[in-house]
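> What follows is a single structure, and I will ask about it in a moment.
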Amino acid sequence: MAVTESVAEGAYEEARAVHEGILRRQSARESAARTYARALPIVPVRARGLTIEGADGRRYLDCLSGAGTLALGHNHPVVLEAIRRVLDSGAPLSVLDLATPVKDAFTTELFRTLPPGLADRARVQFCGPAGTDAVEAAFKLVRAATGRTGMLAFTGAYHGMTAAALAASGGAGDVRVARLPYPQDYRCPFGVGGPQGAELSARYTESLLDDPKSGVPLPAGMIVEPVQGEGGVIPAPDDWLRRMRRITADRSVPLIADEIQTGVGRTGAFWGVDHSGVTPDVMVLSKAIGGSLPLAVVVYRDDLDVWRPGAHAGTFRGNQLAMAAGTATLAHVRENGLAERAAVLGSRMLTRLRALRDEFPCVGDVRGRGLMIGLELVDPEGERTGPGEDPVLGEGLVPGEPGDPDALLMGADTARSPRPADPELAAAVQRECLHRGLIVELGGRHAGVVRLLPPLTISDEQAAAVLDRLSDAVAAAARHRRDHGRGRRRGDGPAPRTG
């Protein structure tokens, strides 16, 4: 018995040494720009479905899923079989933009899933392999098609890290894109939330476009996420998204739907815009459409197809393995009703997580759509943002009395007063989750939102285990905060972002 225990202990120490050595070499060799590796010091060596095994032998439930890339989880059999078929066939793996049977199968399956009104008149542009490449291509396309240059985007947006995509994202430093308020309930930019906040957002958009002195000329396009992911898991209200569709259509402004993270069943519909019934003019797609491998495309109305040959290209736009894996993923999600499954299971998970909001004052909000879920952590002792002191609008938004005809603009009955975000506590919850074998991501305006992006194949039992571990992590972090206080003084700034 003692010998067996000694052997096991030796094997563990050896595995741990390998794990630590790889992490040390990564830290010494890789760019300071690395993100996930800082908050998640693990070394994955095997993975299947929801589960990852590290080099040190520890197992984790992965609710990051490659930032939403793994719709079917790690190494799903249908994906592996699709890749093996291409490898065993002797087909070329890189073909630039030449036609191949693999590409033909991918475009056929992709068009089968597109929103009504787009599939029958769509064109597809294969671009560089990352989502940000698709955003860049979409911006070039609508600028060429309209002859205009400006773009409209929304506060809190995230569209990628290349120049034009970053300029349209919430963290841009050199602003070249006009920003519009994205509606949300918990931290409404107008201090009212609900349908009233969405109405004010729509009115502001109309005013900006129609006012000749707004300083914003008619743009080449508007880009919007059906659910803001990096922005803090904020679903766009369906009525509001339909309103954006009417506003842009009436003014001949192409509407670009960024479905890079929301697509392929993630939100409980095949595409995030399907919830509202909106048909965009352009869709930018990546992540899950490659079945875990790099692939990105732009899909758009045929009348926008003004490209000259070679106007937008990319050496790796013909990734045959990714197209085969993507075809298998798209078909499996469609044929097995995984989007509908995500809607049902996501609703149950949200219901249980909302109980944490009632139990722990540090859980300010729980929100999401389908299997795209977020918990916003707040400082329960922080000063509330009152309706007359909105951080975006400043002073002057004073609620009217109930029944006041101006109540819509003043937010008489629904003015929100959220506590300040607590990125330090969110980071503590993430660490507690990792300690319990659960991988989660952070997002939101101040990295104060714990995000869940489990694969669509997650079982009921696995979902229960995820919620148990997350709940326990929140309790542990809240208890530590209560017993030991904050690690930093208020005003020291948010914790570093991890993704």
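Here, A, B, ... name the chains of the structure tokens in the order displayed, residue numbers run from 1 inside each chain, and ligands are numbered from 1 in the same displayed order.
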Excluding stretch 137-144 of chain A and its own-chain neighbours fewer than 5 positions away, which residues fall within 9 Å of it when counting only C-alpha atoms? Please give them as a PyMOL selection string.
chain A and resi 125+127-128+132+149-151+164-165+219-221+223+253-254+256+282-284+297-300+304-307+312-313
> Would you write out those residues with C-alpha atoms, as an mmCIF file, in the first residue's frame?

data_model
loop_
_atom_site.group_PDB
_atom_site.id
_atom_site.type_symbol
_atom_site.label_atom_id
_atom_site.label_comp_id
_atom_site.auth_asym_id
_atom_site.auth_seq_id
_atom_site.Cartn_x
_atom_site.Cartn_y
_atom_site.Cartn_z
ATOM 1 C CA GLN A 125 -17.036 36.173 -48.994
ATOM 2 C CA CYS A 127 -11.756 36.206 -45.867
ATOM 3 C CA GLY A 128 -9.020 35.836 -43.277
ATOM 4 C CA THR A 132 -12.120 40.472 -36.916
ATOM 5 C CA THR A 149 -17.295 56.130 -45.299
ATOM 6 C CA GLY A 150 -18.754 56.554 -41.801
ATOM 7 C CA MET A 151 -19.963 53.703 -39.626
ATOM 8 C CA ALA A 164 -11.355 49.023 -38.304
ATOM 9 C CA ALA A 165 -12.960 46.403 -36.034
ATOM 10 C CA PRO A 219 -23.065 56.346 -42.794
ATOM 11 C CA ALA A 220 -21.984 53.411 -44.913
ATOM 12 C CA GLY A 221 -23.429 50.944 -42.422
ATOM 13 C CA ILE A 223 -22.999 47.105 -37.042
ATOM 14 C CA VAL A 253 -27.989 52.165 -44.544
ATOM 15 C CA PRO A 254 -26.847 48.518 -44.661
ATOM 16 C CA ILE A 256 -24.490 44.435 -40.357
ATOM 17 C CA VAL A 282 -24.766 41.678 -43.972
ATOM 18 C CA MET A 283 -23.754 39.006 -41.461
ATOM 19 C CA VAL A 284 -20.222 38.493 -40.162
ATOM 20 C CA VAL A 297 -16.995 34.621 -43.702
ATOM 21 C CA VAL A 298 -19.126 37.589 -44.639
ATOM 22 C CA VAL A 299 -22.616 36.857 -45.976
ATOM 23 C CA TYR A 300 -24.476 39.709 -47.671
ATOM 24 C CA LEU A 304 -24.028 44.781 -52.349
ATOM 25 C CA ASP A 305 -21.645 42.534 -54.278
ATOM 26 C CA VAL A 306 -19.575 45.293 -55.854
ATOM 27 C CA TRP A 307 -16.156 43.760 -55.205
ATOM 28 C CA HIS A 312 -10.422 41.642 -50.586
ATOM 29 C CA ALA A 313 -8.493 38.428 -50.153
#
> Excluding A:Ala47 and residues on its chain fewer than 6 positions from it, collect all residues at most 12 Å away from it, counting only C-alpha atoms, and give them as a list in words.
Glu53, Gly54, Ala55, Gly57, Arg58, Arg59, Tyr60, Leu61, Asp62, Ser65, Leu70, Gly73, His74, Asn75 and His76 of chain A
> Write out the residues from the selection above, keeping all heavy atoms, as an mmCIF file, in the first residue's frame.

data_model
loop_
_atom_site.group_PDB
_atom_site.id
_atom_site.type_symbol
_atom_site.label_atom_id
_atom_site.label_comp_id
_atom_site.auth_asym_id
_atom_site.auth_seq_id
_atom_site.Cartn_x
_atom_site.Cartn_y
_atom_site.Cartn_z
ATOM 1 N N GLU A 53 -8.643 18.110 -19.518
ATOM 2 C CA GLU A 53 -7.677 17.581 -18.553
ATOM 3 C C GLU A 53 -6.358 18.314 -18.718
ATOM 4 O O GLU A 53 -5.863 18.488 -19.843
ATOM 5 C CB GLU A 53 -7.455 16.083 -18.764
ATOM 6 C CG GLU A 53 -6.503 15.471 -17.740
ATOM 7 C CD GLU A 53 -6.311 13.984 -17.931
ATOM 8 O OE1 GLU A 53 -7.202 13.339 -18.503
ATOM 9 O OE2 GLU A 53 -5.240 13.468 -17.501
ATOM 10 N N GLY A 54 -5.791 18.779 -17.606
ATOM 11 C CA GLY A 54 -4.532 19.503 -17.647
ATOM 12 C C GLY A 54 -3.340 18.587 -17.535
ATOM 13 O O GLY A 54 -3.457 17.408 -17.191
ATOM 14 N N ALA A 55 -2.150 19.156 -17.825
ATOM 15 C CA ALA A 55 -0.913 18.377 -17.749
ATOM 16 C C ALA A 55 -0.635 17.887 -16.335
ATOM 17 O O ALA A 55 0.093 16.916 -16.138
ATOM 18 C CB ALA A 55 0.262 19.218 -18.243
ATOM 19 N N GLY A 57 -2.889 16.646 -14.441
ATOM 20 C CA GLY A 57 -3.871 15.615 -14.131
ATOM 21 C C GLY A 57 -5.206 16.129 -13.657
ATOM 22 O O GLY A 57 -6.151 15.349 -13.495
ATOM 23 N N ARG A 58 -5.348 17.437 -13.417
ATOM 24 C CA ARG A 58 -6.626 17.986 -12.967
ATOM 25 C C ARG A 58 -7.613 18.051 -14.123
ATOM 26 O O ARG A 58 -7.235 18.243 -15.275
ATOM 27 C CB ARG A 58 -6.445 19.390 -12.380
ATOM 28 C CG ARG A 58 -5.709 19.427 -11.055
ATOM 29 C CD ARG A 58 -5.972 20.750 -10.352
ATOM 30 N NE ARG A 58 -7.380 20.880 -9.999
ATOM 31 C CZ ARG A 58 -7.975 22.031 -9.671
ATOM 32 N NH1 ARG A 58 -7.276 23.157 -9.661
ATOM 33 N NH2 ARG A 58 -9.252 22.062 -9.356
ATOM 34 N N ARG A 59 -8.894 17.911 -13.803
ATOM 35 C CA ARG A 59 -9.961 17.966 -14.804
ATOM 36 C C ARG A 59 -10.840 19.183 -14.540
ATOM 37 O O ARG A 59 -11.101 19.538 -13.388
ATOM 38 C CB ARG A 59 -10.795 16.681 -14.763
ATOM 39 C CG ARG A 59 -10.001 15.450 -15.177
ATOM 40 C CD ARG A 59 -10.739 14.171 -14.831
ATOM 41 N NE ARG A 59 -11.963 14.015 -15.606
ATOM 42 C CZ ARG A 59 -12.024 13.456 -16.814
ATOM 43 N NH1 ARG A 59 -10.913 13.010 -17.391
ATOM 44 N NH2 ARG A 59 -13.165 13.333 -17.445
ATOM 45 N N TYR A 60 -11.298 19.791 -15.614
ATOM 46 C CA TYR A 60 -12.078 21.024 -15.524
ATOM 47 C C TYR A 60 -13.311 20.933 -16.409
ATOM 48 O O TYR A 60 -13.284 20.307 -17.478
ATOM 49 C CB TYR A 60 -11.246 22.226 -15.996
ATOM 50 C CG TYR A 60 -9.953 22.429 -15.255
ATOM 51 C CD1 TYR A 60 -8.788 21.776 -15.661
ATOM 52 C CD2 TYR A 60 -9.891 23.286 -14.156
ATOM 53 C CE1 TYR A 60 -7.590 21.967 -14.985
ATOM 54 C CE2 TYR A 60 -8.685 23.494 -13.477
ATOM 55 C CZ TYR A 60 -7.550 22.824 -13.899
ATOM 56 O OH TYR A 60 -6.371 23.012 -13.235
ATOM 57 N N LEU A 61 -14.380 21.576 -15.960
ATOM 58 C CA LEU A 61 -15.557 21.789 -16.799
ATOM 59 C C LEU A 61 -15.344 23.115 -17.523
ATOM 60 O O LEU A 61 -15.200 24.159 -16.889
ATOM 61 C CB LEU A 61 -16.829 21.830 -15.951
ATOM 62 C CG LEU A 61 -17.127 20.570 -15.133
ATOM 63 C CD1 LEU A 61 -18.431 20.747 -14.358
ATOM 64 C CD2 LEU A 61 -17.203 19.343 -16.029
ATOM 65 N N ASP A 62 -15.338 23.076 -18.856
ATOM 66 C CA ASP A 62 -14.946 24.231 -19.664
ATOM 67 C C ASP A 62 -16.180 25.006 -20.123
ATOM 68 O O ASP A 62 -16.855 24.618 -21.071
ATOM 69 C CB ASP A 62 -14.136 23.767 -20.868
ATOM 70 C CG ASP A 62 -13.698 24.922 -21.755
ATOM 71 O OD1 ASP A 62 -13.796 26.083 -21.308
ATOM 72 O OD2 ASP A 62 -13.267 24.656 -22.890
ATOM 73 N N SER A 65 -15.246 27.462 -23.686
ATOM 74 C CA SER A 65 -15.502 26.877 -25.012
ATOM 75 C C SER A 65 -14.823 27.643 -26.140
ATOM 76 O O SER A 65 -15.432 27.940 -27.172
ATOM 77 C CB SER A 65 -17.012 26.789 -25.284
ATOM 78 O OG SER A 65 -17.669 25.991 -24.342
ATOM 79 N N LEU A 70 -16.521 26.489 -29.647
ATOM 80 C CA LEU A 70 -16.794 25.050 -29.595
ATOM 81 C C LEU A 70 -18.278 24.798 -29.347
ATOM 82 O O LEU A 70 -18.694 24.437 -28.248
ATOM 83 C CB LEU A 70 -15.949 24.408 -28.492
ATOM 84 C CG LEU A 70 -14.442 24.668 -28.599
ATOM 85 C CD1 LEU A 70 -13.726 24.181 -27.355
ATOM 86 C CD2 LEU A 70 -13.875 24.002 -29.848
ATOM 87 N N GLY A 73 -18.568 21.399 -28.183
ATOM 88 C CA GLY A 73 -17.581 21.012 -27.192
ATOM 89 C C GLY A 73 -16.299 20.538 -27.852
ATOM 90 O O GLY A 73 -16.119 20.611 -29.067
ATOM 91 N N HIS A 74 -15.397 20.026 -27.026
ATOM 92 C CA HIS A 74 -14.099 19.580 -27.528
ATOM 93 C C HIS A 74 -14.204 18.231 -28.232
ATOM 94 O O HIS A 74 -14.833 17.294 -27.735
ATOM 95 C CB HIS A 74 -13.110 19.441 -26.359
ATOM 96 C CG HIS A 74 -12.770 20.739 -25.698
ATOM 97 N ND1 HIS A 74 -11.788 21.571 -26.168
ATOM 98 C CD2 HIS A 74 -13.289 21.349 -24.601
ATOM 99 C CE1 HIS A 74 -11.703 22.641 -25.381
ATOM 100 N NE2 HIS A 74 -12.601 22.526 -24.426
ATOM 101 N N ASN A 75 -13.575 18.145 -29.402
ATOM 102 C CA ASN A 75 -13.370 16.859 -30.100
ATOM 103 C C ASN A 75 -14.657 16.056 -30.252
ATOM 104 O O ASN A 75 -14.688 14.847 -29.982
ATOM 105 C CB ASN A 75 -12.316 16.023 -29.359
ATOM 106 C CG ASN A 75 -10.936 16.638 -29.444
ATOM 107 O OD1 ASN A 75 -10.548 17.185 -30.460
ATOM 108 N ND2 ASN A 75 -10.187 16.565 -28.345
ATOM 109 N N HIS A 76 -15.711 16.699 -30.708
ATOM 110 C CA HIS A 76 -16.963 15.970 -30.921
ATOM 111 C C HIS A 76 -16.768 14.938 -32.033
ATOM 112 O O HIS A 76 -16.106 15.217 -33.048
ATOM 113 C CB HIS A 76 -18.084 16.940 -31.293
ATOM 114 C CG HIS A 76 -19.440 16.328 -31.221
ATOM 115 N ND1 HIS A 76 -19.941 15.513 -32.208
ATOM 116 C CD2 HIS A 76 -20.415 16.402 -30.264
ATOM 117 C CE1 HIS A 76 -21.156 15.118 -31.886
ATOM 118 N NE2 HIS A 76 -21.465 15.635 -30.707
#
> Please provide the set of residues having any atom within 9 Å of A:Ala473, restricted to only C-alpha atoms, with same-chain residues fewer than 6 positions apart removed, written as a list in words.
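That gives Ala428, Val429, Gln430, Arg431, Glu432, Cys433, Leu434, His435 and Arg436 of chain A.
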> Selected residues, N, CA, C and O atoms, written as a CSV table (one decimal), in the first residue's frame, please.

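Saved as part-v5.csv:
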chain,number,residue,atom,x,y,z
A,428,ALA,N,-12.0,37.3,-8.3
A,428,ALA,CA,-12.0,36.3,-7.2
A,428,ALA,C,-12.9,35.1,-7.4
A,428,ALA,O,-12.6,34.0,-7.2
A,429,VAL,N,-14.1,35.4,-8.0
A,429,VAL,CA,-15.1,34.3,-8.3
A,429,VAL,C,-14.4,33.5,-9.4
A,429,VAL,O,-14.5,32.2,-9.3
A,430,GLN,N,-13.8,34.1,-10.4
A,430,GLN,CA,-13.2,33.3,-11.4
A,430,GLN,C,-12.1,32.4,-10.9
A,430,GLN,O,-12.0,31.2,-11.2
A,431,ARG,N,-11.3,32.9,-9.9
A,431,ARG,CA,-10.3,32.0,-9.3
A,431,ARG,C,-10.9,30.9,-8.5
A,431,ARG,O,-10.4,29.8,-8.5
A,432,GLU,N,-11.9,31.2,-7.7
A,432,GLU,CA,-12.6,30.2,-6.9
A,432,GLU,C,-13.2,29.1,-7.8
A,432,GLU,O,-13.2,27.9,-7.5
A,433,CYS,N,-13.7,29.6,-9.0
A,433,CYS,CA,-14.3,28.6,-10.0
A,433,CYS,C,-13.2,27.7,-10.4
A,433,CYS,O,-13.3,26.4,-10.5
A,434,LEU,N,-12.0,28.2,-10.8
A,434,LEU,CA,-10.9,27.4,-11.3
A,434,LEU,C,-10.5,26.4,-10.2
A,434,LEU,O,-10.1,25.3,-10.5
A,435,HIS,N,-10.4,26.9,-9.0
A,435,HIS,CA,-10.0,26.0,-7.8
A,435,HIS,C,-11.0,24.8,-7.7
A,435,HIS,O,-10.6,23.7,-7.3
A,436,ARG,N,-12.3,25.0,-8.1
A,436,ARG,CA,-13.3,24.0,-8.1
A,436,ARG,C,-13.4,23.2,-9.4
A,436,ARG,O,-14.3,22.4,-9.6
> Hey, what's within 12 Å of A:Gly68 if we count only C-alpha atoms and toss same-chain stuff fewer than 6 positions away? As a PDB file with C-alpha atoms, in the first residue's frame, please?

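So the final result, stored in selection.pdb, reads:
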ATOM      1  CA  ASP A  62     -14.946  24.231 -19.664  1.00  0.00           C
ATOM      2  CA  HIS A  74     -14.099  19.580 -27.528  1.00  0.00           C
ATOM      3  CA  GLY A 131     -13.832  37.102 -36.866  1.00  0.00           C
ATOM      4  CA  GLY A 229     -20.782  39.327 -25.270  1.00  0.00           C
ATOM      5  CA  GLU A 230     -17.624  41.168 -24.293  1.00  0.00           C
ATOM      6  CA  GLU A 259     -22.995  36.902 -35.249  1.00  0.00           C
ATOM      7  CA  ILE A 260     -19.424  35.854 -34.544  1.00  0.00           C
ATOM      8  CA  GLN A 261     -20.259  34.712 -31.002  1.00  0.00           C
ATOM      9  CA  THR A 262     -24.062  34.608 -31.077  1.00  0.00           C
ATOM     10  CA  GLY A 263     -24.349  32.333 -34.111  1.00  0.00           C
ATOM     11  CA  VAL A 264     -24.895  28.590 -34.557  1.00  0.00           C
ATOM     12  CA  GLY A 265     -27.464  28.090 -31.817  1.00  0.00           C
ATOM     13  CA  ARG A 266     -25.657  29.876 -29.000  1.00  0.00           C
ATOM     14  CA  THR A 267     -28.558  32.170 -28.017  1.00  0.00           C
ATOM     15  CA  SER A 286     -16.699  33.084 -37.390  1.00  0.00           C
ATOM     16  CA  LYS A 287     -15.996  31.025 -34.243  1.00  0.00           C
ATOM     17  CA  ALA A 288     -18.467  28.091 -34.258  1.00  0.00           C
ATOM     18  CA  ILE A 289     -18.880  28.011 -38.049  1.00  0.00           C
ATOM     19  CA  GLY A 290     -15.402  26.431 -38.301  1.00  0.00           C
ATOM     20  CA  GLY A 291     -16.244  23.594 -35.947  1.00  0.00           C
ATOM     21  CA  SER A 292     -13.257  24.549 -33.684  1.00  0.00           C
ATOM     22  CA  LEU A 371     -26.317  29.368 -23.366  1.00  0.00           C
ATOM     23  CA  MET A 372     -24.778  32.844 -23.292  1.00  0.00           C
ATOM     24  CA  ILE A 373     -25.066  33.797 -19.627  1.00  0.00           C
ATOM     25  CA  VAL A 440     -15.299  30.757 -16.784  1.00  0.00           C
ATOM     26  CA  GLU A 441     -14.542  34.038 -18.529  1.00  0.00           C
ATOM     27  CA  ARG A 451     -19.567  34.752 -18.296  1.00  0.00           C
ATOM     28  CA  LEU A 452     -20.719  31.222 -19.128  1.00  0.00           C
ATOM     29  CA  LEU A 453     -20.409  29.884 -22.699  1.00  0.00           C
ATOM     30  CA  PRO A 454     -20.834  26.113 -22.297  1.00  0.00           C
ATOM     31  CA  PRO A 455     -21.088  23.906 -25.393  1.00  0.00           C
ATOM     32  CA  LEU A 456     -24.574  23.301 -26.757  1.00  0.00           C
TER      33      LEU A 456
END
> For a test of reading the model, state the distance in Å between atom CA of A:Ser417 and atom CA of A:Leu353, rounded to one decimal.
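According to the coordinates, atom CA of A:Ser417 and atom CA of A:Leu353 are separated by 21.1 Å.
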> As a list of chain:residue names, which residues of stretch 6-92 of chain A does DSSP assign to strand (DSSP E)?
A:Pro44, A:Val45, A:Arg46, A:Ala47, A:Arg48, A:Thr51, A:Ile52, A:Glu53, A:Gly54, A:Arg59, A:Tyr60, A:Leu61, A:Asp62
> Can you spit out the residues from that selection as a PDB file, in the first residue's frame, using N, CA and C atoms?

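For reference, again20.pdb as written:
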ATOM      1  N   PRO A  44      -3.811  22.517 -20.954  1.00  0.00           N
ATOM      2  CA  PRO A  44      -4.673  21.450 -21.461  1.00  0.00           C
ATOM      3  C   PRO A  44      -3.890  20.440 -22.295  1.00  0.00           C
ATOM      4  N   VAL A  45      -4.146  19.153 -22.045  1.00  0.00           N
ATOM      5  CA  VAL A  45      -3.485  18.093 -22.823  1.00  0.00           C
ATOM      6  C   VAL A  45      -4.501  17.144 -23.464  1.00  0.00           C
ATOM      7  N   ARG A  46      -5.682  17.044 -22.895  1.00  0.00           N
ATOM      8  CA  ARG A  46      -6.747  16.218 -23.459  1.00  0.00           C
ATOM      9  C   ARG A  46      -8.076  16.916 -23.200  1.00  0.00           C
ATOM     10  N   ALA A  47      -9.035  16.684 -24.104  1.00  0.00           N
ATOM     11  CA  ALA A  47     -10.342  17.310 -23.921  1.00  0.00           C
ATOM     12  C   ALA A  47     -11.399  16.521 -24.679  1.00  0.00           C
ATOM     13  N   ARG A  48     -12.579  16.494 -24.112  1.00  0.00           N
ATOM     14  CA  ARG A  48     -13.717  15.840 -24.767  1.00  0.00           C
ATOM     15  C   ARG A  48     -14.988  16.480 -24.242  1.00  0.00           C
ATOM     16  N   THR A  51     -15.278  18.696 -20.950  1.00  0.00           N
ATOM     17  CA  THR A  51     -14.186  18.432 -20.006  1.00  0.00           C
ATOM     18  C   THR A  51     -12.809  18.634 -20.623  1.00  0.00           C
ATOM     19  N   ILE A  52     -11.945  19.289 -19.857  1.00  0.00           N
ATOM     20  CA  ILE A  52     -10.533  19.453 -20.203  1.00  0.00           C
ATOM     21  C   ILE A  52      -9.697  18.802 -19.105  1.00  0.00           C
ATOM     22  N   GLU A  53      -8.643  18.110 -19.518  1.00  0.00           N
ATOM     23  CA  GLU A  53      -7.677  17.581 -18.553  1.00  0.00           C
ATOM     24  C   GLU A  53      -6.358  18.314 -18.718  1.00  0.00           C
ATOM     25  N   GLY A  54      -5.791  18.779 -17.606  1.00  0.00           N
ATOM     26  CA  GLY A  54      -4.532  19.503 -17.647  1.00  0.00           C
ATOM     27  C   GLY A  54      -3.340  18.587 -17.535  1.00  0.00           C
ATOM     28  N   ARG A  59      -8.894  17.911 -13.803  1.00  0.00           N
ATOM     29  CA  ARG A  59      -9.961  17.966 -14.804  1.00  0.00           C
ATOM     30  C   ARG A  59     -10.840  19.183 -14.540  1.00  0.00           C
ATOM     31  N   TYR A  60     -11.298  19.791 -15.614  1.00  0.00           N
ATOM     32  CA  TYR A  60     -12.078  21.024 -15.524  1.00  0.00           C
ATOM     33  C   TYR A  60     -13.311  20.933 -16.409  1.00  0.00           C
ATOM     34  N   LEU A  61     -14.380  21.576 -15.960  1.00  0.00           N
ATOM     35  CA  LEU A  61     -15.557  21.789 -16.799  1.00  0.00           C
ATOM     36  C   LEU A  61     -15.344  23.115 -17.523  1.00  0.00           C
ATOM     37  N   ASP A  62     -15.338  23.076 -18.856  1.00  0.00           N
ATOM     38  CA  ASP A  62     -14.946  24.231 -19.664  1.00  0.00           C
ATOM     39  C   ASP A  62     -16.180  25.006 -20.123  1.00  0.00           C
TER      40      ASP A  62
END
> For each of A:Ile42, A:Asp379, A:Pro280, A:His159, take the minimum atom-to-atom distance to A:Arg419, counting only C-alpha atoms, then give the residue where this is smallest.
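Checking each candidate against A:Arg419, we get A:Asp379 as the closest.
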> Closest to A:Pro217 among A:Arg245, A:Arg251, A:Arg301, A:His480, using only C-alpha atoms?
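Between A:Arg245, A:Arg251, A:Arg301, A:His480, the residue approaching A:Pro217 most closely is A:Arg251.
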> Determine the nearest neighbour of A:Arg176 from the options A:Ala122, A:Leu438, A:Val216, A:Val450, counting only C-alpha atoms.
A:Val216
> Can you measure atom CA of A:Val192 to atom CA of A:Leu425 for me? One decimal in Å is fine.
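Here the two named atoms are 26.3 Å from each other.
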> May I ask which of the residues A:Gly437, A:Gly160, A:Gly193, A:Gly444 is the closest one to A:Ala421, counting only C-alpha atoms?
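Closest candidate: A:Gly444.
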> I'd like the contact shell of A:Gly368 - 12 Å cut-off, only C-alpha atoms, skipping same-chain residues fewer than 4 positions apart - returned as a PyMOL selection string.
chain A and resi 184-185+226-229+231-237+262+266-268+272+342-343+345-351+353-354+372-376+449-453
